[in-house]
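Each remark here refers to the structure printed beneath this line.
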Amino acid sequence: MRQYVVTPAAGKRLIAKGISEHPEVLRALKEGTVVVLAGTTNGYVAEELLGKIGQADGFSMKGFVRGITVPPYVSTTEIGRSPGGHQFPGDVVIVKGNWIKGKTVFDVVDDLQEGDVILKGANSIDLTRKQAAILIGHPKCGTIGVIMQAAIGRRVRLILPVGLEKRVPSDLNELAARVNSPGSEGPRLFPVSGEVFTEIEALSLLTGAKAEIVAAGGICGAEGAVWLAVWGSDEEMEKANALMESVVGEPQYSL
């Protein structure tokens, strides 16, 4: 067994590497449609997927966000721009291996069918129950409102790349009932059914090794970091160590 400190940025890169080797994502890249919803973790995912199909030129994670959480001293600018002032580029829509630039999920959701894949980030995860939930600021539920029409209505596969720093200890359905009740203030919470894909799933898929959180926290850029204990066979641990060495130096995300 070995232990690794995984910062949120390193975790995002690790998740993205895992998603880029996910069997259902690889199949949809070749045969169907993959929609990567804008978000910080999904920025890494889009970068990895576009690199895999040789179309990364022209993509930047800068501005590839919708709702974001920032410190109180960081203010957003006008609608459609990130705090860094970057114009929103749209989601990443890949159809049979070709990046269709300038599209959003709203442009393509009605055309998605079983076998296609939607990748959508989340704001909360309950690791015990494998639940995920999304903060809602839009009165019509924003992107997740239309995504669920495809995910449930037409069985489009929904995968939720989400970092371990977003874990919560409670049942998300109970939390949602509480924060969504009349008279409450702040964002609403939308529990969603889908495949939760964290750093732990990425490690398992890429190396075969197992992992669990043993500690968390830090300073100097390690705020939100987790200590992961990783174990497996000698071959799995060799792969895991090489993988972790490739991501641990990931620089802090910035808009």
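By convention in this document, the chains of the structure tokens carry letters A, B, ... by their order, each chain's residues are numbered from 1, and ligands are numbered from 1 in the order they are shown.
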
Excluding segment 161-173 of chain A and residues on its chain fewer than 2 positions from it, collect all residues at most 7 Å away from it, counting only C-alpha atoms, and give them as JSON, numbers by chain. {"A": [8, 11, 12, 15, 41, 119, 120, 121, 122, 123, 124, 125, 126, 127, 131, 133, 159, 175, 176, 177, 191, 196, 197, 198, 199, 224, 225]}

Output file for the residues above (C-alpha atoms, as a PDB file, in the first residue's frame):
```pdb
ATOM      1  CA  PRO A   8      -8.182  19.149  -6.377  1.00  0.00           C
ATOM      2  CA  GLY A  11      -7.748  14.994  -8.950  1.00  0.00           C
ATOM      3  CA  LYS A  12      -9.358  16.714 -11.932  1.00  0.00           C
ATOM      4  CA  ILE A  15     -10.475  11.895 -13.387  1.00  0.00           C
ATOM      5  CA  THR A  41     -13.433  19.272 -13.919  1.00  0.00           C
ATOM      6  CA  LEU A 119     -20.547  14.113 -19.115  1.00  0.00           C
ATOM      7  CA  LYS A 120     -21.771  16.506 -16.452  1.00  0.00           C
ATOM      8  CA  GLY A 121     -19.958  17.676 -13.308  1.00  0.00           C
ATOM      9  CA  ALA A 122     -21.544  17.757  -9.855  1.00  0.00           C
ATOM     10  CA  ASN A 123     -21.313  19.770  -6.644  1.00  0.00           C
ATOM     11  CA  SER A 124     -21.970  17.099  -4.032  1.00  0.00           C
ATOM     12  CA  ILE A 125     -21.237  13.398  -3.733  1.00  0.00           C
ATOM     13  CA  ASP A 126     -22.206  10.879  -1.101  1.00  0.00           C
ATOM     14  CA  LEU A 127     -19.571   8.173  -1.507  1.00  0.00           C
ATOM     15  CA  GLN A 131     -25.094   9.612  -5.099  1.00  0.00           C
ATOM     16  CA  ALA A 133     -26.199  16.244  -6.718  1.00  0.00           C
ATOM     17  CA  ILE A 159     -21.502  10.061 -16.356  1.00  0.00           C
ATOM     18  CA  LEU A 175     -30.454  17.368   1.986  1.00  0.00           C
ATOM     19  CA  ALA A 176     -32.312  18.332  -1.171  1.00  0.00           C
ATOM     20  CA  ALA A 177     -35.669  18.115   0.560  1.00  0.00           C
ATOM     21  CA  PRO A 191     -29.883  14.788  -6.836  1.00  0.00           C
ATOM     22  CA  VAL A 196     -20.397   8.808 -10.338  1.00  0.00           C
ATOM     23  CA  PHE A 197     -16.766   8.882 -11.475  1.00  0.00           C
ATOM     24  CA  THR A 198     -14.184  10.119  -8.959  1.00  0.00           C
ATOM     25  CA  GLU A 199     -10.430   9.775  -8.568  1.00  0.00           C
ATOM     26  CA  GLY A 224      -9.297  20.490  -0.373  1.00  0.00           C
ATOM     27  CA  ALA A 225      -6.699  17.788  -0.993  1.00  0.00           C
TER      28      ALA A 225
END
```

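Looking only at segment 139-234 of chain A, the set that DSSP places in strand (DSSP E or B) from backbone geometry is Arg157, Leu158, Ile159, Leu160, Pro161, Arg167, Arg188, Leu189, Phe190, Pro191, Val192, Glu195, Val196, Phe197, Lys210, Ala211, Glu212, Ile213, Val214, Ala215, Ala216, Val226, Trp227, Leu228, Ala229, Val230 and Trp231 of chain A.
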
Take the selection from the previous step and output its residues with N, CA and C atoms, as a PDB file, in the first residue's frame.
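In the end it all went to again_4.pdb:
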```pdb
ATOM      1  N   ARG A 157     -26.527   7.670 -21.718  1.00  0.00           N
ATOM      2  CA  ARG A 157     -25.681   7.415 -20.553  1.00  0.00           C
ATOM      3  C   ARG A 157     -25.192   8.742 -19.953  1.00  0.00           C
ATOM      4  N   LEU A 158     -25.412   8.917 -18.654  1.00  0.00           N
ATOM      5  CA  LEU A 158     -24.964  10.098 -17.936  1.00  0.00           C
ATOM      6  C   LEU A 158     -23.833   9.706 -17.000  1.00  0.00           C
ATOM      7  N   ILE A 159     -22.660  10.295 -17.210  1.00  0.00           N
ATOM      8  CA  ILE A 159     -21.502  10.061 -16.356  1.00  0.00           C
ATOM      9  C   ILE A 159     -21.182  11.371 -15.650  1.00  0.00           C
ATOM     10  N   LEU A 160     -20.899  11.282 -14.352  1.00  0.00           N
ATOM     11  CA  LEU A 160     -20.707  12.470 -13.517  1.00  0.00           C
ATOM     12  C   LEU A 160     -19.276  12.504 -12.996  1.00  0.00           C
ATOM     13  N   PRO A 161     -18.349  13.142 -13.731  1.00  0.00           N
ATOM     14  CA  PRO A 161     -16.983  13.289 -13.235  1.00  0.00           C
ATOM     15  C   PRO A 161     -16.961  14.315 -12.094  1.00  0.00           C
ATOM     16  N   ARG A 167     -17.259  15.684  -1.463  1.00  0.00           N
ATOM     17  CA  ARG A 167     -18.002  14.677  -0.696  1.00  0.00           C
ATOM     18  C   ARG A 167     -18.753  15.324   0.468  1.00  0.00           C
ATOM     19  N   ARG A 188     -30.649  25.752  -5.009  1.00  0.00           N
ATOM     20  CA  ARG A 188     -31.354  24.514  -4.768  1.00  0.00           C
ATOM     21  C   ARG A 188     -30.405  23.352  -5.016  1.00  0.00           C
ATOM     22  N   LEU A 189     -30.817  22.139  -4.680  1.00  0.00           N
ATOM     23  CA  LEU A 189     -29.968  20.962  -4.841  1.00  0.00           C
ATOM     24  C   LEU A 189     -30.746  19.903  -5.609  1.00  0.00           C
ATOM     25  N   PHE A 190     -30.156  19.386  -6.687  1.00  0.00           N
ATOM     26  CA  PHE A 190     -30.817  18.437  -7.578  1.00  0.00           C
ATOM     27  C   PHE A 190     -30.048  17.114  -7.544  1.00  0.00           C
ATOM     28  N   PRO A 191     -30.519  16.109  -6.786  1.00  0.00           N
ATOM     29  CA  PRO A 191     -29.883  14.788  -6.836  1.00  0.00           C
ATOM     30  C   PRO A 191     -30.132  14.153  -8.210  1.00  0.00           C
ATOM     31  N   VAL A 192     -29.103  13.553  -8.774  1.00  0.00           N
ATOM     32  CA  VAL A 192     -29.235  12.966 -10.105  1.00  0.00           C
ATOM     33  C   VAL A 192     -28.760  11.514 -10.101  1.00  0.00           C
ATOM     34  N   GLU A 195     -23.659   7.673 -13.418  1.00  0.00           N
ATOM     35  CA  GLU A 195     -22.435   7.001 -12.984  1.00  0.00           C
ATOM     36  C   GLU A 195     -21.484   8.009 -12.354  1.00  0.00           C
ATOM     37  N   VAL A 196     -21.318   7.919 -11.046  1.00  0.00           N
ATOM     38  CA  VAL A 196     -20.397   8.808 -10.338  1.00  0.00           C
ATOM     39  C   VAL A 196     -18.969   8.335 -10.602  1.00  0.00           C
ATOM     40  N   PHE A 197     -18.131   9.244 -11.078  1.00  0.00           N
ATOM     41  CA  PHE A 197     -16.766   8.882 -11.475  1.00  0.00           C
ATOM     42  C   PHE A 197     -15.783   9.830 -10.788  1.00  0.00           C
ATOM     43  N   LYS A 210      -6.949  -0.541  -5.990  1.00  0.00           N
ATOM     44  CA  LYS A 210      -8.028  -0.026  -5.153  1.00  0.00           C
ATOM     45  C   LYS A 210      -7.522   1.187  -4.383  1.00  0.00           C
ATOM     46  N   ALA A 211      -8.452   2.050  -3.974  1.00  0.00           N
ATOM     47  CA  ALA A 211      -8.060   3.241  -3.229  1.00  0.00           C
ATOM     48  C   ALA A 211      -9.170   3.654  -2.281  1.00  0.00           C
ATOM     49  N   GLU A 212      -8.792   4.349  -1.220  1.00  0.00           N
ATOM     50  CA  GLU A 212      -9.766   4.957  -0.320  1.00  0.00           C
ATOM     51  C   GLU A 212      -9.146   6.169   0.345  1.00  0.00           C
ATOM     52  N   ILE A 213     -10.001   7.066   0.810  1.00  0.00           N
ATOM     53  CA  ILE A 213      -9.531   8.267   1.495  1.00  0.00           C
ATOM     54  C   ILE A 213      -9.156   7.914   2.930  1.00  0.00           C
ATOM     55  N   VAL A 214      -7.971   8.387   3.352  1.00  0.00           N
ATOM     56  CA  VAL A 214      -7.566   8.156   4.738  1.00  0.00           C
ATOM     57  C   VAL A 214      -7.390   9.453   5.518  1.00  0.00           C
ATOM     58  N   ALA A 215      -7.284  10.575   4.812  1.00  0.00           N
ATOM     59  CA  ALA A 215      -7.156  11.879   5.468  1.00  0.00           C
ATOM     60  C   ALA A 215      -7.418  12.951   4.426  1.00  0.00           C
ATOM     61  N   ALA A 216      -7.522  14.188   4.881  1.00  0.00           N
ATOM     62  CA  ALA A 216      -7.829  15.263   3.944  1.00  0.00           C
ATOM     63  C   ALA A 216      -7.350  16.597   4.488  1.00  0.00           C
ATOM     64  N   VAL A 226      -6.926  15.401  -0.708  1.00  0.00           N
ATOM     65  CA  VAL A 226      -7.193  14.169   0.025  1.00  0.00           C
ATOM     66  C   VAL A 226      -5.936  13.312   0.026  1.00  0.00           C
ATOM     67  N   TRP A 227      -5.767  12.551   1.110  1.00  0.00           N
ATOM     68  CA  TRP A 227      -4.767  11.497   1.149  1.00  0.00           C
ATOM     69  C   TRP A 227      -5.451  10.229   0.671  1.00  0.00           C
ATOM     70  N   LEU A 228      -4.937   9.648  -0.413  1.00  0.00           N
ATOM     71  CA  LEU A 228      -5.470   8.393  -0.912  1.00  0.00           C
ATOM     72  C   LEU A 228      -4.514   7.260  -0.577  1.00  0.00           C
ATOM     73  N   ALA A 229      -5.039   6.226   0.068  1.00  0.00           N
ATOM     74  CA  ALA A 229      -4.296   4.982   0.246  1.00  0.00           C
ATOM     75  C   ALA A 229      -4.635   4.086  -0.935  1.00  0.00           C
ATOM     76  N   VAL A 230      -3.595   3.594  -1.609  1.00  0.00           N
ATOM     77  CA  VAL A 230      -3.767   2.806  -2.824  1.00  0.00           C
ATOM     78  C   VAL A 230      -3.091   1.449  -2.634  1.00  0.00           C
ATOM     79  N   TRP A 231      -3.778   0.386  -3.020  1.00  0.00           N
ATOM     80  CA  TRP A 231      -3.183  -0.937  -2.879  1.00  0.00           C
ATOM     81  C   TRP A 231      -3.594  -1.835  -4.038  1.00  0.00           C
TER      82      TRP A 231
END
```

Need to verify the contact set: His138 of chain A, 10 Å, only C-alpha atoms, exclusion of same-chain residues closer than 6 positions in sequence. Can you return it as a ChimeraX atom specification? /A:67,145,187-188

Could you pull the residues within 9 Å of Glu48 of chain A, counting only C-alpha atoms, minus those fewer than 4 positions along the same chain, as a VMD selection string? chain A and resid 13 16 to 17 19 to 20 43 to 44 52 to 53 56

Write out the residues from the selection above, keeping N, CA and C atoms, as a PDB file, in the first residue's frame.
```pdb
ATOM      1  N   ARG A  13      -7.301  16.189 -13.093  1.00  0.00           N
ATOM      2  CA  ARG A  13      -6.526  15.585 -14.185  1.00  0.00           C
ATOM      3  C   ARG A  13      -6.638  14.067 -14.151  1.00  0.00           C
ATOM      4  N   ALA A  16      -9.981  13.027 -15.473  1.00  0.00           N
ATOM      5  CA  ALA A  16     -10.022  13.211 -16.926  1.00  0.00           C
ATOM      6  C   ALA A  16      -9.290  12.093 -17.649  1.00  0.00           C
ATOM      7  N   LYS A  17      -8.153  11.682 -17.122  1.00  0.00           N
ATOM      8  CA  LYS A  17      -7.421  10.567 -17.735  1.00  0.00           C
ATOM      9  C   LYS A  17      -8.255   9.287 -17.673  1.00  0.00           C
ATOM     10  N   ILE A  19     -11.627   9.094 -17.531  1.00  0.00           N
ATOM     11  CA  ILE A  19     -12.754   9.228 -18.460  1.00  0.00           C
ATOM     12  C   ILE A  19     -12.298   8.969 -19.895  1.00  0.00           C
ATOM     13  N   SER A  20     -11.088   9.392 -20.231  1.00  0.00           N
ATOM     14  CA  SER A  20     -10.594   9.233 -21.601  1.00  0.00           C
ATOM     15  C   SER A  20     -10.338   7.771 -21.967  1.00  0.00           C
ATOM     16  N   GLY A  43     -13.409  20.608 -17.916  1.00  0.00           N
ATOM     17  CA  GLY A  43     -12.401  21.247 -18.757  1.00  0.00           C
ATOM     18  C   GLY A  43     -11.225  20.318 -18.984  1.00  0.00           C
ATOM     19  N   TYR A  44     -10.815  19.641 -17.924  1.00  0.00           N
ATOM     20  CA  TYR A  44      -9.748  18.653 -18.037  1.00  0.00           C
ATOM     21  C   TYR A  44     -10.214  17.467 -18.873  1.00  0.00           C
ATOM     22  N   LYS A  52      -7.182  12.990 -27.414  1.00  0.00           N
ATOM     23  CA  LYS A  52      -7.245  11.591 -27.874  1.00  0.00           C
ATOM     24  C   LYS A  52      -7.649  11.503 -29.338  1.00  0.00           C
ATOM     25  N   ILE A  53      -8.529  12.400 -29.789  1.00  0.00           N
ATOM     26  CA  ILE A  53      -8.967  12.360 -31.182  1.00  0.00           C
ATOM     27  C   ILE A  53      -8.183  13.337 -32.055  1.00  0.00           C
ATOM     28  N   ALA A  56      -7.332  18.870 -30.200  1.00  0.00           N
ATOM     29  CA  ALA A  56      -7.231  19.747 -29.036  1.00  0.00           C
ATOM     30  C   ALA A  56      -6.939  21.194 -29.406  1.00  0.00           C
TER      31      ALA A  56
END
```

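Separating atom CA of Leu206 of chain A from atom CA of Leu243 of chain A is a distance of 8.3 Å.
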
Computed interatomic separation between atom CA of Ile144 of chain A and atom CA of Pro72 of chain A (Å): 25.6 Å
